[in-house]
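Colleague: File coords_27.txt follows (compact mmCIF, C-alpha atoms):
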# COMPACT_ATOMS: atom_id res chain seq x y z
CA MET A 1 82.48 8.45 19.34
CA LYS A 2 82.40 5.99 16.43
CA GLU A 3 79.31 4.02 15.44
CA LEU A 4 79.65 1.11 12.99
CA LYS A 5 76.40 -0.05 11.41
CA MET A 6 75.82 -3.76 10.79
CA THR A 7 72.84 -5.08 8.83
CA SER A 8 70.30 -7.93 9.11
CA GLU A 9 66.97 -8.91 7.59
CA GLU A 10 65.68 -11.03 10.47
CA ASP A 11 66.17 -9.67 13.99
CA GLN A 12 63.81 -6.81 14.79
CA HIS A 13 65.31 -5.73 18.10
CA GLN A 14 67.36 -2.56 18.41
CA TYR A 15 70.87 -3.22 19.71
CA LYS A 16 73.53 -0.77 20.82
CA LEU A 17 76.90 -2.01 22.10
CA LEU A 18 79.01 0.39 24.16
CA TYR A 19 82.72 -0.18 24.66
CA PHE A 20 86.13 1.40 24.24
CA ASP A 21 87.57 1.71 20.75
CA ILE A 22 89.55 -1.51 21.17
CA PRO A 23 88.80 -5.26 20.87
CA GLY A 24 89.05 -6.01 24.61
CA ARG A 25 86.03 -7.54 26.36
CA ALA A 26 83.57 -6.64 23.62
CA GLU A 27 85.18 -8.23 20.58
CA HIS A 28 83.56 -11.64 20.90
CA ILE A 29 80.18 -9.90 21.12
CA ARG A 30 80.98 -8.03 17.91
CA TYR A 31 81.96 -11.34 16.28
CA ILE A 32 78.62 -12.87 17.29
CA PHE A 33 76.69 -9.98 15.78
CA ALA A 34 78.84 -10.17 12.65
CA TYR A 35 78.48 -13.94 12.29
CA ALA A 36 74.70 -13.73 12.73
CA ASP A 37 74.62 -10.73 10.36
CA VAL A 38 72.45 -8.82 12.81
CA GLU A 39 72.26 -5.03 12.76
CA TYR A 40 73.56 -3.12 15.78
CA GLU A 41 75.23 0.15 16.72
CA ASP A 42 78.87 -0.51 17.57
CA VAL A 43 79.47 2.55 19.74
CA ARG A 44 83.18 2.96 20.45
CA PHE A 45 84.38 5.68 22.77
CA GLN A 46 87.73 7.05 23.87
CA LYS A 47 89.30 6.91 27.33
CA ASP A 48 88.54 10.56 28.07
CA GLN A 49 84.83 9.95 27.44
CA TRP A 50 84.64 7.07 29.92
CA PRO A 51 84.05 9.01 33.19
CA GLU A 52 80.86 10.53 31.82
CA ILE A 53 79.64 7.33 30.14
CA LYS A 54 80.40 5.34 33.30
CA LYS A 55 77.72 7.25 35.20
CA SER A 56 74.99 5.78 32.99
CA THR A 57 76.12 2.13 33.10
CA PRO A 58 74.44 -0.47 35.34
CA PHE A 59 77.56 -1.38 37.35
CA GLY A 60 80.22 1.09 36.23
CA LYS A 61 81.74 -1.38 33.76
CA VAL A 62 81.65 -2.01 30.04
CA PRO A 63 80.76 -3.55 27.69
CA VAL A 64 77.10 -2.70 28.00
CA LEU A 65 74.49 -3.81 25.51
CA GLU A 66 71.27 -1.88 25.06
CA ILE A 67 68.39 -4.06 23.87
CA ASP A 68 65.45 -1.90 22.80
CA GLY A 69 66.79 0.79 25.13
CA LYS A 70 67.28 -1.51 28.13
CA GLN A 71 70.86 -1.87 29.36
CA VAL A 72 72.46 -5.18 30.28
CA ALA A 73 76.01 -5.75 31.50
CA GLN A 74 78.67 -8.48 31.78
CA SER A 75 80.38 -9.49 28.54
CA ASN A 76 79.86 -13.24 28.71
CA ALA A 77 76.26 -12.93 29.90
CA ILE A 78 75.62 -10.70 26.87
CA ALA A 79 77.46 -13.07 24.53
CA ARG A 80 75.68 -16.15 25.89
CA TYR A 81 72.28 -14.48 25.50
CA LEU A 82 73.04 -13.54 21.89
CA ALA A 83 74.50 -16.98 21.16
CA ARG A 84 71.29 -18.64 22.34
CA LYS A 85 69.21 -16.19 20.35
CA PHE A 86 71.20 -16.68 17.15
CA GLY A 87 71.63 -20.47 17.39
CA LEU A 88 75.31 -20.58 18.39
CA VAL A 89 75.17 -22.73 21.53
CA GLY A 90 75.34 -26.18 19.93
CA LYS A 91 72.65 -28.73 19.19
CA ASP A 92 71.76 -29.68 22.78
CA GLU A 93 72.32 -28.88 26.46
CA TRP A 94 75.51 -30.95 26.58
CA GLU A 95 77.10 -28.95 23.78
CA ALA A 96 75.89 -25.72 25.38
CA LEU A 97 77.67 -26.81 28.57
CA GLN A 98 80.87 -27.54 26.63
CA CYS A 99 80.72 -24.04 25.14
CA ASP A 100 80.38 -22.53 28.61
CA ILE A 101 83.30 -24.59 29.94
CA LEU A 102 85.60 -23.51 27.13
CA VAL A 103 84.61 -19.85 27.34
CA ASP A 104 85.11 -19.78 31.11
CA THR A 105 88.48 -21.50 30.75
CA LEU A 106 89.51 -18.95 28.14
CA GLY A 107 88.48 -16.32 30.67
CA ASP A 108 90.93 -17.80 33.18
CA LEU A 109 93.73 -17.49 30.64
CA GLN A 110 92.76 -13.95 29.68
CA ALA A 111 92.69 -12.96 33.35
CA SER A 112 96.27 -14.17 33.79
CA VAL A 113 97.43 -12.28 30.70
CA THR A 114 95.64 -9.09 31.77
CA GLN A 115 97.02 -9.31 35.31
CA ALA A 116 100.55 -9.61 33.97
CA MET A 117 100.07 -6.69 31.58
CA LYS A 118 98.68 -4.39 34.28
CA GLU A 119 101.14 -5.21 37.06
CA PRO A 120 102.60 -1.80 38.08
CA ASP A 121 105.94 -3.08 39.39
CA PRO A 122 108.21 -3.51 36.31
CA ILE A 123 110.28 -6.37 37.74
CA LYS A 124 107.26 -8.30 38.94
CA ARG A 125 105.49 -7.54 35.66
CA GLU A 126 108.28 -9.12 33.62
CA GLU A 127 108.31 -12.16 35.90
CA MET A 128 104.55 -12.57 35.51
CA ARG A 129 104.72 -12.13 31.74
CA ALA A 130 107.49 -14.71 31.49
CA ARG A 131 105.43 -17.21 33.51
CA VAL A 132 102.37 -16.64 31.34
CA THR A 133 104.40 -16.95 28.12
CA LYS A 134 106.40 -20.02 29.12
CA GLU A 135 103.88 -21.90 31.26
CA GLU A 136 100.25 -20.83 31.09
CA LEU A 137 99.89 -20.09 27.38
CA PRO A 138 101.45 -23.38 26.20
CA PHE A 139 99.42 -25.33 28.77
CA TYR A 140 96.07 -23.85 27.76
CA LEU A 141 96.76 -23.68 24.02
CA SER A 142 97.81 -27.32 23.92
CA LYS A 143 94.55 -28.26 25.67
CA PHE A 144 92.49 -26.19 23.23
CA GLU A 145 94.47 -27.61 20.31
CA ALA A 146 93.56 -31.16 21.36
CA VAL A 147 89.88 -30.27 21.75
CA VAL A 148 89.65 -28.67 18.32
CA LYS A 149 91.59 -31.50 16.67
CA ASP A 150 89.31 -34.12 18.25
CA ASN A 151 86.24 -32.20 17.02
CA GLY A 152 87.43 -32.03 13.43
CA GLY A 153 88.12 -28.30 13.42
CA PHE A 154 85.49 -26.97 15.82
CA SER A 155 85.68 -26.41 19.57
CA VAL A 156 82.28 -27.99 20.22
CA GLY A 157 80.24 -30.33 18.02
CA ASN A 158 80.51 -30.20 14.25
CA SER A 159 79.51 -26.63 13.47
CA VAL A 160 80.36 -23.08 14.55
CA THR A 161 79.39 -22.14 18.11
CA TRP A 162 80.07 -19.03 20.12
CA SER A 163 83.07 -20.72 21.76
CA ASP A 164 84.67 -20.86 18.29
CA LEU A 165 84.17 -17.11 17.97
CA VAL A 166 85.62 -16.46 21.43
CA LEU A 167 88.61 -18.66 20.58
CA ALA A 168 89.13 -16.84 17.27
CA VAL A 169 89.22 -13.49 19.08
CA LEU A 170 91.75 -14.76 21.62
CA LEU A 171 93.93 -16.34 18.92
CA ASP A 172 93.86 -13.15 16.88
CA GLN A 173 95.01 -11.20 19.94
CA PHE A 174 97.63 -13.87 20.65
CA GLU A 175 99.07 -13.44 17.16
CA THR A 176 99.08 -9.67 17.58
CA MET A 177 101.11 -10.01 20.78
CA TYR A 178 103.51 -12.77 19.72
CA GLY A 179 103.61 -12.65 15.91
CA ARG A 180 101.88 -14.50 13.10
CA ALA A 181 104.17 -17.53 13.43
CA SER A 182 103.15 -18.06 17.06
CA LEU A 183 100.29 -20.42 16.12
CA ASN A 184 102.41 -22.66 13.91
CA SER A 185 102.69 -25.15 16.77
CA TYR A 186 98.90 -25.27 17.03
CA PRO A 187 97.65 -26.10 13.52
CA SER A 188 94.10 -26.97 14.60
CA LEU A 189 93.71 -23.67 16.43
CA LYS A 190 95.19 -21.79 13.49
CA GLY A 191 92.76 -23.57 11.20
CA LEU A 192 89.81 -22.70 13.44
CA LYS A 193 90.74 -19.03 13.45
CA GLU A 194 91.13 -19.03 9.67
CA THR A 195 87.75 -20.78 9.29
CA VAL A 196 86.02 -18.17 11.44
CA HIS A 197 87.75 -15.26 9.70
CA ALA A 198 86.80 -16.67 6.30
CA VAL A 199 83.07 -16.43 7.08
CA PRO A 200 81.90 -13.64 4.73
CA SER A 201 80.14 -11.58 7.42
CA ILE A 202 83.12 -11.91 9.80
CA LYS A 203 85.52 -11.03 7.00
CA SER A 204 83.45 -7.96 6.18
CA TYR A 205 83.46 -6.87 9.82
CA LEU A 206 87.24 -7.27 10.08
CA GLU A 207 87.75 -5.21 6.94
CA LYS A 208 85.69 -2.37 8.45
CA ARG A 209 87.10 -2.66 11.97
CA PRO A 210 89.02 0.44 13.11
CA PRO A 211 92.78 0.12 13.72
CA ARG A 212 93.69 -1.15 17.17
CA SER A 213 94.47 1.40 19.86
CA PRO A 214 96.18 0.88 23.26
CA MET A 215 94.18 -0.83 26.02
CA PRO A 216 92.92 1.74 28.54
CA ARG A 217 93.28 1.17 32.26
CA HIS A 218 89.79 1.23 33.76
How does this structure look as structure tokens?
Modeller:
Amino acid sequence: MKELKMTSEEDQHQYKLLYFDIPGRAEHIRYIFAYADVEYEDVRFQKDQWPEIKKSTPFGKVPVLEIDGKQVAQSNAIARYLARKFGLVGKDEWEALQCDILVDTLGDLQASVTQAMKEPDPIKREEMRARVTKEELPFYLSKFEAVVKDNGGFSVGNSVTWSDLVLAVLLDQFETMYGRASLNSYPSLKGLKETVHAVPSIKSYLEKRPPRSPMPRH
């Protein structure tokens, strides 16, 4: 079980994040911690360790964040809590709402991608993947491209919010799946990802991040 230590001078709470040794549903939480430069234990476990760890989770799912020893679940609830705490929800309630809308919409897209990847029937799986690749991805990415372009390089407002970090994670995974040239048609999105990844604390995290491993079925 790997534990990556991150550092901070400000936040005094003790955080421990539990998830598989993959980006998956925890990566945007890791980005938030990295961006805020807040210390936490990034506990990554393997698939064969999951049955035992599962017994101690609130709802039998991960990621789970321990805050001063108290466990909380649900990836976006965790991320939203941390974003509020670390000043990443925009300047007012309207911008906070826009962040929530974008993150939830990204969740819809990720659900479609995940469903296609996990479809057990090979013929149906290829049909679903083709639909996602040809229809859903271009539809959503073009919408996100327009939003970021209209906001001058950010997804909400005029500074980094947690929706930028969630977008950067998704775009990084998108490039991993489809190749580095796949974002050439979306220059604003590509620019946003590059902006996020150029943040020194994010860059440091990415340099330390373990190599990707296959997504477990859980």
Colleague: Please identify all polymer residues within 7 Å of Ala73 in chain A, counting all atoms listed in the file, omitting same-chain residues fewer than 2 positions from it, and present them as a PDB file with C-alpha atoms, in the coordinates of the input.
Modeller:
ATOM      1  CA  PRO A  58      74.440  -0.470  35.340  1.00  0.00           C
ATOM      2  CA  VAL A  62      81.650  -2.010  30.040  1.00  0.00           C
ATOM      3  CA  PRO A  63      80.760  -3.550  27.690  1.00  0.00           C
ATOM      4  CA  VAL A  64      77.100  -2.700  28.000  1.00  0.00           C
ATOM      5  CA  LEU A  65      74.490  -3.810  25.510  1.00  0.00           C
ATOM      6  CA  GLN A  71      70.860  -1.870  29.360  1.00  0.00           C
ATOM      7  CA  SER A  75      80.380  -9.490  28.540  1.00  0.00           C
ATOM      8  CA  ILE A  78      75.620 -10.700  26.870  1.00  0.00           C
TER       9      ILE A  78
END
Colleague: Of the residues A:Phe59, A:Tyr186, A:Tyr31, A:Tyr205, which is the one nearest to Asp164 in chain A, using only C-alpha atoms?
Modeller: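 Ranked by minimum distance to Asp164 in chain A, first place goes to A:Tyr31.
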Colleague: Name the closest residue to Ile32 in chain A among the candidates A:Val132, A:Val89, A:Leu102, A:Val148; distances are taken between atoms, counting only C-alpha atoms.
Modeller: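 Of the candidates, the smallest distance to Ile32 in chain A is held by A:Val89.
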Colleague: Just checking: using only C-alpha atoms, which residue out of A:Pro200, A:Phe20, A:Ala77, A:Leu141 ends up closest to Pro51 in chain A?
Modeller: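 Closest to Pro51 in chain A of all the choices is A:Phe20.
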Colleague: Please compute the CA of Ile29 in chain A-CA of Ala79 in chain A distance, one decimal, in Å.
Modeller: 5.4 Å
Colleague: Which is closer to Leu171 in chain A than all the others in A:Asn151, A:Asn184, A:Gln115, A:Gln49, using all atoms listed in the file?
Modeller: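 Checking each candidate against Leu171 in chain A, we get A:Asn184 as the closest.
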Colleague: Neighbours of Val156 in chain A within 7 Å (only C-alpha atoms; same-chain residues fewer than 3 positions away dropped), as an MDAnalysis selection string?
Modeller: chainID A and resid 95 98:99 151 161
Colleague: Using all atoms listed in the file, collect all residues at a distance of at most 8 Å from (103.6, -12.0, 25.5) as written in the file, then present them as a list of chain:residue names.
Modeller: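 Those residues lying close to the given coordinates are A:Arg129, A:Ala130, A:Val132, A:Thr133, A:Phe174, A:Met177, A:Tyr178.
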Colleague: As a VMD selection string, please: the residues near Tyr140 in chain A (cut-off 9 Å, all atoms listed in the file, same-chain neighbours under 3 positions excluded).
Modeller: chain A and resid 105 to 106 109 135 to 137 143 to 145
